[in-house]
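Engineer: upload_13.txt is the file, holding compact mmCIF, C-alpha atoms:
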# COMPACT_ATOMS: atom_id res chain seq x y z
CA MET A 23 0.00 0.00 0.00
CA ALA A 24 1.41 3.34 -1.01
CA ASN A 25 1.74 5.73 1.89
CA LYS A 26 -0.88 8.43 2.21
CA ARG A 27 0.16 12.03 2.62
CA VAL A 28 -1.52 14.48 5.01
CA ALA A 29 -0.87 18.23 4.73
CA ILE A 30 -2.02 20.46 7.58
CA ILE A 31 -2.07 24.24 7.99
CA ALA A 32 -2.03 25.48 11.58
CA SER A 33 -2.89 29.16 11.50
CA SER A 34 -4.63 29.74 14.84
CA GLY A 35 -3.34 29.82 18.37
CA GLY A 36 -4.73 28.55 21.61
CA LEU A 37 -4.55 25.19 23.33
CA GLU A 38 -7.59 23.91 21.46
CA THR A 39 -5.95 24.39 18.09
CA ALA A 40 -2.71 22.85 19.29
CA TYR A 41 -4.57 19.67 20.24
CA LYS A 42 -6.58 19.52 17.04
CA VAL A 43 -3.44 19.83 14.96
CA LEU A 44 -1.18 17.51 16.93
CA ASN A 45 -3.76 14.78 17.60
CA ILE A 46 -4.56 14.45 13.93
CA ALA A 47 -0.90 14.67 12.96
CA THR A 48 0.35 12.01 15.39
CA ALA A 49 -2.58 9.69 14.66
CA ALA A 50 -1.92 10.05 10.93
CA ALA A 51 1.73 9.21 11.50
CA ALA A 52 0.68 6.12 13.47
CA LEU A 53 -1.41 5.11 10.46
CA GLU A 54 1.82 5.24 8.48
CA ALA A 55 0.93 8.41 6.61
CA GLU A 56 3.51 10.99 5.68
CA VAL A 57 2.55 14.12 7.62
CA GLY A 58 3.55 17.77 7.16
CA ILE A 59 2.34 20.80 9.14
CA PHE A 60 2.73 24.39 8.00
CA PHE A 61 2.64 26.75 11.00
CA THR A 62 1.70 30.32 10.26
CA PHE A 63 0.45 33.42 12.15
CA GLU A 64 -0.87 32.46 15.61
CA GLY A 65 -0.24 28.81 14.78
CA LEU A 66 3.47 29.49 15.29
CA SER A 67 2.85 29.55 19.05
CA ILE A 68 2.40 25.73 18.93
CA ILE A 69 6.08 25.20 18.09
CA HIS A 70 7.42 28.19 20.00
CA ASN A 71 9.93 27.50 22.79
CA HIS A 72 7.48 29.04 25.23
CA SER A 73 4.42 27.29 23.87
CA GLU A 74 3.40 26.11 27.32
CA GLN A 75 2.85 29.71 28.46
CA MET A 76 1.48 30.89 25.13
CA LEU A 77 -1.10 28.16 24.59
CA GLN A 78 -4.12 28.79 26.77
CA LEU A 79 -7.72 27.68 26.55
CA LYS A 80 -10.18 30.26 25.33
CA PRO A 81 -11.99 31.91 28.27
CA GLU A 82 -15.24 30.20 27.31
CA ASN A 83 -13.45 26.84 27.40
CA ALA A 84 -11.81 27.38 30.79
CA GLY A 85 -14.14 24.75 32.23
CA LEU A 86 -12.47 22.10 30.07
CA ALA A 87 -9.20 22.28 32.00
CA GLU A 88 -10.58 19.85 34.56
CA GLY A 89 -11.68 17.46 31.81
CA PHE A 90 -8.27 17.55 30.15
CA LYS A 91 -6.68 16.47 33.41
CA LYS A 92 -9.27 13.80 34.10
CA ALA A 93 -8.98 12.27 30.63
CA ASN A 94 -5.20 12.16 31.07
CA VAL A 95 -4.71 13.90 27.74
CA PRO A 96 -1.03 14.02 26.75
CA THR A 97 0.69 17.38 27.04
CA ILE A 98 1.53 19.46 23.98
CA ALA A 99 5.21 18.86 24.71
CA GLN A 100 4.62 15.08 24.63
CA LEU A 101 2.68 15.29 21.38
CA LEU A 102 5.42 17.41 19.79
CA GLU A 103 7.97 14.83 20.89
CA ILE A 104 5.91 12.01 19.33
CA ALA A 105 5.47 14.07 16.17
CA LYS A 106 9.23 14.49 15.87
CA GLU A 107 9.94 10.83 16.62
CA THR A 108 7.45 9.66 14.02
CA GLY A 109 8.83 11.89 11.30
CA VAL A 110 6.14 14.56 11.14
CA ARG A 111 7.55 17.42 9.07
CA MET A 112 7.04 20.79 10.75
CA ILE A 113 7.47 23.91 8.67
CA ALA A 114 7.36 27.40 10.17
CA CYS A 115 6.19 30.06 7.76
CA GLN A 116 9.21 32.26 7.04
CA MET A 117 7.12 35.31 6.22
CA THR A 118 5.17 35.36 9.51
CA VAL A 119 8.31 34.50 11.48
CA ASP A 120 9.92 37.61 9.96
CA VAL A 121 6.85 39.80 10.48
CA MET A 122 6.77 38.81 14.16
CA GLY A 123 10.47 39.56 14.52
CA LEU A 124 11.25 35.96 15.47
CA ASP A 125 14.16 33.64 14.66
CA LYS A 126 14.59 29.92 14.11
CA GLU A 127 16.09 29.86 17.62
CA ASP A 128 12.73 30.88 19.07
CA PHE A 129 11.29 27.54 18.02
CA ILE A 130 11.75 23.96 19.15
CA ASP A 131 14.44 21.82 17.51
CA GLY A 132 13.63 19.85 14.43
CA ILE A 133 11.48 22.38 12.62
CA GLU A 134 12.28 23.87 9.24
CA LEU A 135 11.53 27.26 7.77
CA GLY A 136 9.77 27.59 4.46
CA GLY A 137 7.42 29.67 2.42
CA ALA A 138 4.03 29.11 0.91
CA ALA A 139 5.56 27.33 -2.08
CA THR A 140 7.27 24.81 0.21
CA TYR A 141 3.93 23.94 1.74
CA LEU A 142 2.11 23.85 -1.58
CA ASP A 143 4.76 21.69 -3.18
CA TYR A 144 4.17 19.23 -0.36
CA ALA A 145 0.38 19.60 -0.38
CA PHE A 146 -0.04 19.06 -4.13
CA ASP A 147 0.62 15.36 -3.57
CA ALA A 148 -1.46 15.04 -0.40
CA GLU A 149 -4.63 12.94 -0.20
CA VAL A 150 -5.77 14.87 2.87
CA THR A 151 -5.39 18.59 3.53
CA LEU A 152 -6.61 20.22 6.70
CA ASN A 153 -6.68 23.75 7.99
CA PHE A 154 -6.91 24.58 11.68
CA MET B 78 -13.92 -18.91 33.39
CA THR B 79 -11.63 -16.54 31.58
CA THR B 80 -8.62 -17.93 29.86
CA VAL B 81 -5.45 -15.95 29.73
CA ILE B 82 -4.48 -15.43 26.13
CA GLN B 83 -0.83 -15.92 25.38
CA THR B 84 0.73 -13.05 23.43
CA ASN B 85 4.23 -11.98 22.44
CA HIS B 86 4.13 -8.41 23.72
CA VAL B 87 1.78 -6.22 25.75
CA VAL B 88 1.29 -2.49 25.30
CA MET B 89 -0.18 -0.72 28.34
CA CYS B 90 -2.32 2.30 27.50
CA GLU B 91 -4.60 2.27 30.52
CA GLY B 92 -5.66 5.80 31.42
CA MET B 93 -4.30 7.25 28.20
CA ALA B 94 -6.38 9.42 25.89
CA CYS B 95 -6.46 9.57 22.10
CA PRO B 96 -4.18 9.49 20.15
CA MET B 97 -1.88 7.59 22.53
CA PRO B 98 -3.39 4.10 22.01
CA VAL B 99 -2.70 4.12 18.25
CA VAL B 100 0.68 5.80 18.72
CA LYS B 101 1.72 3.13 21.25
CA THR B 102 0.26 0.32 19.17
CA LYS B 103 2.35 1.33 16.19
CA LYS B 104 5.46 1.36 18.39
CA GLY B 105 4.54 -1.98 19.93
CA MET B 106 4.15 -3.58 16.50
CA GLU B 107 7.71 -2.59 15.72
CA GLU B 108 8.87 -4.66 18.72
CA ILE B 109 7.49 -7.97 17.48
CA GLN B 110 8.13 -10.30 14.57
CA SER B 111 5.76 -11.02 11.70
CA GLY B 112 3.10 -13.49 12.72
CA GLU B 113 3.43 -12.66 16.41
CA VAL B 114 0.58 -11.28 18.50
CA LEU B 115 0.39 -7.95 20.30
CA GLU B 116 -2.00 -7.22 23.14
CA VAL B 117 -3.04 -3.61 23.66
CA ARG B 118 -4.68 -2.69 26.97
CA ALA B 119 -6.61 0.55 26.90
CA THR B 120 -9.36 2.34 28.78
CA ASP B 121 -10.02 4.90 26.03
CA LYS B 122 -13.43 4.01 24.57
CA GLY B 123 -12.33 5.43 21.24
CA SER B 124 -9.71 2.70 21.02
CA VAL B 125 -12.43 0.16 20.16
CA ALA B 126 -13.08 1.75 16.77
CA ASP B 127 -9.63 3.26 16.33
CA LEU B 128 -7.56 0.10 16.64
CA GLN B 129 -9.73 -1.73 14.14
CA SER B 130 -9.34 1.13 11.68
CA TRP B 131 -5.63 1.25 12.39
CA SER B 132 -5.30 -2.48 11.67
CA SER B 133 -7.23 -2.41 8.44
CA ARG B 134 -5.25 0.61 7.23
CA THR B 135 -1.82 -0.76 8.15
CA GLY B 136 -2.60 -4.30 6.95
CA HIS B 137 -2.24 -6.05 10.30
CA GLN B 138 -4.82 -8.54 11.53
CA TYR B 139 -7.27 -7.44 14.21
CA ILE B 140 -7.98 -10.71 16.01
CA GLY B 141 -10.47 -9.57 18.61
CA LEU B 142 -11.40 -7.63 21.70
CA LYS B 143 -12.11 -8.61 25.29
CA GLU B 144 -13.39 -6.24 27.92
CA LYS B 145 -12.59 -6.92 31.55
CA ASP B 146 -13.12 -4.57 34.51
CA GLY B 147 -13.35 -1.54 32.25
CA VAL B 148 -10.15 -2.36 30.39
CA PHE B 149 -10.22 -3.17 26.69
CA HIS B 150 -7.82 -5.92 25.66
CA HIS B 151 -7.18 -5.73 21.94
CA TYR B 152 -5.38 -8.56 20.13
CA LEU B 153 -3.53 -7.86 16.90
CA ARG B 154 -1.32 -10.06 14.78
CA LYS B 155 1.55 -8.57 12.82
CA ALA B 156 1.22 -9.13 9.10
CA SER B 157 3.95 -11.08 7.39
CA GLU B 158 5.21 -10.60 3.89
CA HIS B 159 5.37 -14.25 2.90
CA GLU B 160 1.77 -14.90 3.87
CA THR B 161 0.58 -12.80 1.01
CA LYS B 162 3.32 -13.66 -1.44
CA ASN B 163 4.15 -17.34 -1.03
CA GLU B 164 2.48 -19.85 -3.22
CA MET B 165 1.12 -22.88 -1.50
CA LYS B 166 3.17 -25.97 -2.26
CA PHE B 167 1.66 -28.89 -0.37
CA PRO B 168 -0.31 -30.98 -2.87
CA HIS B 169 -2.86 -32.55 -0.55
CA VAL B 170 -5.60 -30.07 0.13
CA ILE B 171 -9.21 -30.14 1.21
CA SER B 172 -11.66 -27.29 0.80
CA ASN B 173 -13.53 -25.75 3.70
CA ALA B 174 -16.78 -27.14 2.29
CA GLU B 175 -15.39 -30.67 1.96
CA LEU B 176 -14.13 -30.60 5.53
CA ALA B 177 -17.46 -29.30 6.83
CA GLU B 178 -19.17 -32.10 4.90
CA LYS B 179 -16.88 -34.73 6.45
CA MET B 180 -17.52 -33.34 9.93
CA SER B 181 -21.27 -33.45 9.43
CA THR B 182 -21.17 -37.16 8.56
CA SER B 183 -19.95 -37.77 12.13
CA GLU B 184 -16.67 -39.23 11.01
CA LYS B 185 -14.06 -38.75 13.75
CA ILE B 186 -12.04 -35.86 12.40
CA HIS B 187 -8.80 -34.45 13.77
CA VAL B 188 -8.44 -30.78 12.98
CA LEU B 189 -5.05 -29.25 13.79
CA ASP B 190 -5.18 -25.48 14.20
CA VAL B 191 -1.72 -23.92 13.75
CA ARG B 192 -2.64 -20.28 14.33
CA GLU B 193 -1.55 -18.23 17.36
CA PRO B 194 -3.34 -18.92 20.67
CA ALA B 195 -5.16 -15.56 20.52
CA GLU B 196 -6.66 -16.36 17.13
CA TYR B 197 -7.67 -19.84 18.32
CA SER B 198 -9.23 -18.35 21.43
CA PHE B 199 -11.60 -16.06 19.51
CA GLU B 200 -12.83 -18.49 16.86
CA ARG B 201 -12.03 -22.08 15.99
CA ILE B 202 -13.52 -25.23 14.54
CA PRO B 203 -15.12 -27.15 17.45
CA GLY B 204 -12.71 -29.71 18.89
CA ALA B 205 -9.69 -28.47 16.95
CA ILE B 206 -6.30 -29.19 18.51
CA SER B 207 -4.18 -26.05 19.01
CA ILE B 208 -0.50 -26.17 18.15
CA PRO B 209 0.78 -22.81 16.91
CA MET B 210 3.19 -23.11 13.99
CA SER B 211 5.97 -21.60 16.11
CA GLU B 212 5.60 -24.39 18.68
CA LEU B 213 5.33 -27.33 16.29
CA GLU B 214 8.87 -28.58 16.92
CA GLU B 215 8.37 -28.95 20.67
CA LYS B 216 4.81 -30.25 20.48
CA ILE B 217 5.09 -32.64 17.54
CA THR B 218 5.19 -35.57 19.96
CA GLN B 219 1.55 -34.85 20.83
CA LEU B 220 0.65 -36.02 17.33
CA GLN B 221 0.64 -39.51 15.83
CA THR B 222 2.23 -40.10 12.46
CA ASP B 223 -0.42 -42.57 11.26
CA GLN B 224 -3.30 -40.28 12.19
CA GLN B 225 -5.18 -38.24 9.59
CA TYR B 226 -4.92 -34.50 10.36
CA TYR B 227 -6.68 -31.62 8.67
CA VAL B 228 -4.38 -28.65 9.19
CA VAL B 229 -5.97 -25.23 9.33
CA CYS B 230 -4.84 -21.61 9.76
CA LYS B 231 -6.35 -18.30 8.67
CA SER B 232 -5.70 -18.32 4.93
CA GLY B 233 -3.94 -21.61 4.17
CA ASN B 234 -0.32 -20.43 4.20
CA ARG B 235 0.89 -21.36 7.66
CA SER B 236 -0.98 -24.66 7.38
CA ASP B 237 0.75 -25.27 4.03
CA ARG B 238 4.14 -24.95 5.69
CA VAL B 239 3.10 -27.13 8.61
CA CYS B 240 1.82 -29.82 6.22
CA GLN B 241 5.18 -29.85 4.45
CA LEU B 242 6.99 -30.14 7.76
CA LEU B 243 4.76 -32.94 9.02
CA ASP B 244 5.16 -34.73 5.70
CA GLU B 245 8.94 -34.64 6.09
CA ARG B 246 8.56 -36.11 9.57
CA GLY B 247 6.69 -39.12 8.27
CA PHE B 248 3.10 -38.00 8.66
CA SER B 249 1.52 -39.49 5.57
CA LYS B 250 -2.10 -38.46 5.98
CA VAL B 251 -2.13 -34.71 6.44
CA LYS B 252 -4.23 -32.34 4.41
CA ASN B 253 -4.17 -28.57 4.16
CA VAL B 254 -7.57 -26.94 4.66
CA VAL B 255 -8.03 -24.15 2.09
CA PRO B 256 -8.60 -21.36 2.49
CA GLY B 257 -9.07 -21.97 6.23
CA MET B 258 -10.69 -19.90 8.95
CA SER B 259 -10.95 -16.77 6.80
CA GLY B 260 -13.65 -18.52 4.76
CA TRP B 261 -15.02 -20.94 7.31
CA LEU B 262 -18.84 -21.02 7.35
CA GLY B 263 -19.32 -24.08 9.53
CA ALA B 264 -19.78 -24.25 13.29
CA THR B 265 -17.25 -22.54 15.53
CA GLU B 266 -16.52 -22.24 19.22
CA ARG B 267 -14.57 -19.72 21.30
CA ASP B 268 -13.24 -19.18 24.81
CA GLU B 269 -15.56 -17.33 27.12
Kindly return the structure encoded in the file as structure tokens.
Structural biologist:
Amino acid sequence: MANKRVAIIASSGGLETAYKVLNIATAAAALEAEVGIFFTFEGLSIIHNHSEQMLQLKPENAGLAEGFKKANVPTIAQLLEIAKETGVRMIACQMTVDVMGLDKEDFIDGIELGGAATYLDYAFDAEVTLNF
Amino acid sequence: MTTVIQTNHVVMCEGMACPMPVVKTKKGMEEIQSGEVLEVRATDKGSVADLQSWSSRTGHQYIGLKEKDGVFHHYLRKASEHETKNEMKFPHVISNAELAEKMSTSEKIHVLDVREPAEYSFERIPGAISIPMSELEEKITQLQTDQQYYVVCKSGNRSDRVCQLLDERGFSKVKNVVPGMSGWLGATERDE
């Protein structure tokens, strides 16, 4: 069976988005798909060195914090680790990184920088594309 | 009575939420050899649907599920290359229908099931003897060379190899059941 390819755009911030993106990405990798995520605008906070402080639940979702704990949901750091281990490609959008005055050093190890064409070149051959 | 099912490796995902059960299952599969059986223990209700989807997508065999004290025990068998590629070589075969016919005429039939214990536990031909292919060498003394055996597995490949082996050891009356349990329509039994 030829491997499937999944291309994801993460363009929003918040803890909710981080989970949506990373759950789908790590599950897809477990299903032996090739997975790439393009992080842009607020989505960059997911791979930022200080993501733990930056990723918060929306005020209206504050009540979910308890549920997250109870369900023993993995942390974002754990999911990022799994993503790296399972070969998920993580691309930070160069343009937004520049606009925000950030550097590659502001992000976790193992990410790459690229532009829209890098993502599109990857996404053209994807069976599944998602935008969060 | 609940029987303990023998497996080659156990992955513990109790208390873990999605997507950890599939992530850990994939890792666990990498620890075992083709044809071996992995047990995944999970409390995530989503794992019931997810691990079946995972198996069908990755080509591994989902053997079955047992629930005990709120824990799901999933049994999966790692796919092996040769099972899909090898051609069957043993000349003496019997079809599922012919075997079912023989069994219905109350002839005393000896069915030898060479699948893994987990597969045997979930579904087998009533009265079948269980000797997994991997244990044939050590358990061959439980069999008699002059006895007629109908050797069965899931799709006829493991049983083909076992028939060849038994033939070399002087068993003259063995037959490979084709295709085997994957197409078996007759009566079955299982462990409770």
Engineer: List every residue of chain B that has an atom at most 9 Å from any atom of chain A, and for each one report the closest atom pair and its distance in Å to one decimal, counting all atoms listed in the file, with rows sorted by chain and then by increasing residue number, as a Markdown table.
Structural biologist:
| residue | atom | partner | partner_atom | distance |
| --- | --- | --- | --- | --- |
| B:Gly92 | CA | A:Asn94 | CA | 6.4 |
| B:Met93 | CA | A:Asn94 | CA | 5.8 |
| B:Ala94 | CA | A:Val95 | CA | 5.1 |
| B:Cys95 | CA | A:Val95 | CA | 7.3 |
| B:Pro96 | CA | A:Ala49 | CA | 5.7 |
| B:Met97 | CA | A:Pro96 | CA | 7.7 |
| B:Val99 | CA | A:Ala52 | CA | 6.2 |
| B:Val100 | CA | A:Ala52 | CA | 5.3 |
| B:Lys101 | CA | A:Ala52 | CA | 8.4 |
| B:Thr102 | CA | A:Ala52 | CA | 8.1 |
| B:Lys103 | CA | A:Ala52 | CA | 5.8 |
| B:Lys104 | CA | A:Ala52 | CA | 8.3 |
| B:Asp121 | CA | A:Ala93 | CA | 8.7 |
| B:Ser130 | CA | A:Leu53 | CA | 9.0 |
| B:Trp131 | CA | A:Leu53 | CA | 6.0 |
| B:Ser132 | CA | A:Leu53 | CA | 8.6 |
| B:Arg134 | CA | A:Leu53 | CA | 6.7 |
| B:Thr135 | CA | A:Leu53 | CA | 6.3 |
| B:Gly136 | CA | A:Met23 | CA | 8.6 |
Engineer: Find the residue from A:Asp125, A:Asp120, A:Glu82, A:Glu103 that sits nearest to A:His70; use all atoms listed in the file when measuring.
Structural biologist: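 Residue with the minimum atom-to-atom distance to A:His70: A:Asp125.
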Engineer: Calculate how many Å separate atom CA of A:Leu124 from atom CA of A:Val43, rounding to one decimal.
Structural biologist: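 Interatomic distance, atom CA of A:Leu124 to atom CA of A:Val43: 21.8 Å.
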Engineer: Can you tell me how far atom CA of B:Val251 sits from atom CA of B:Gln225, in Å to one decimal?
Structural biologist: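 Separation between atom CA of B:Val251 and atom CA of B:Gln225: 5.6 Å.
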Engineer: Quick one: of A:Ala99, A:Ala40, A:Val119, A:Met112, who's nearest to A:Thr140, counting all atoms listed in the file?
Structural biologist: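 Under the stated criterion, the closest residue is A:Met112.
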Engineer: What does the distance from atom CA of A:Glu127 to atom CA of A:Gly65 come to in Å, to one decimal?
Structural biologist: 16.6 Å
Engineer: Could you name the residues that touch A:Gln116 at 10 Å or less, counting all atoms listed in the file, but leaving out those on the same chain fewer than 4 positions away, as a PyMOL selection string?
Structural biologist: chain A and resi 61-62+120-122+124-126+134-138
Engineer: Could you dump the residues just selected with C-alpha atoms as a short mmCIF file (atom, residue, chain, number, x, y, z; two decimals), in the coordinates of the input?
Structural biologist:
data_model
loop_
_atom_site.label_atom_id
_atom_site.label_comp_id
_atom_site.auth_asym_id
_atom_site.auth_seq_id
_atom_site.Cartn_x
_atom_site.Cartn_y
_atom_site.Cartn_z
CA PHE A 61 2.64 26.75 11.00
CA THR A 62 1.70 30.32 10.26
CA ASP A 120 9.92 37.61 9.96
CA VAL A 121 6.85 39.80 10.48
CA MET A 122 6.77 38.81 14.16
CA LEU A 124 11.25 35.96 15.47
CA ASP A 125 14.16 33.64 14.66
CA LYS A 126 14.59 29.92 14.11
CA GLU A 134 12.28 23.87 9.24
CA LEU A 135 11.53 27.26 7.77
CA GLY A 136 9.77 27.59 4.46
CA GLY A 137 7.42 29.67 2.42
CA ALA A 138 4.03 29.11 0.91
#
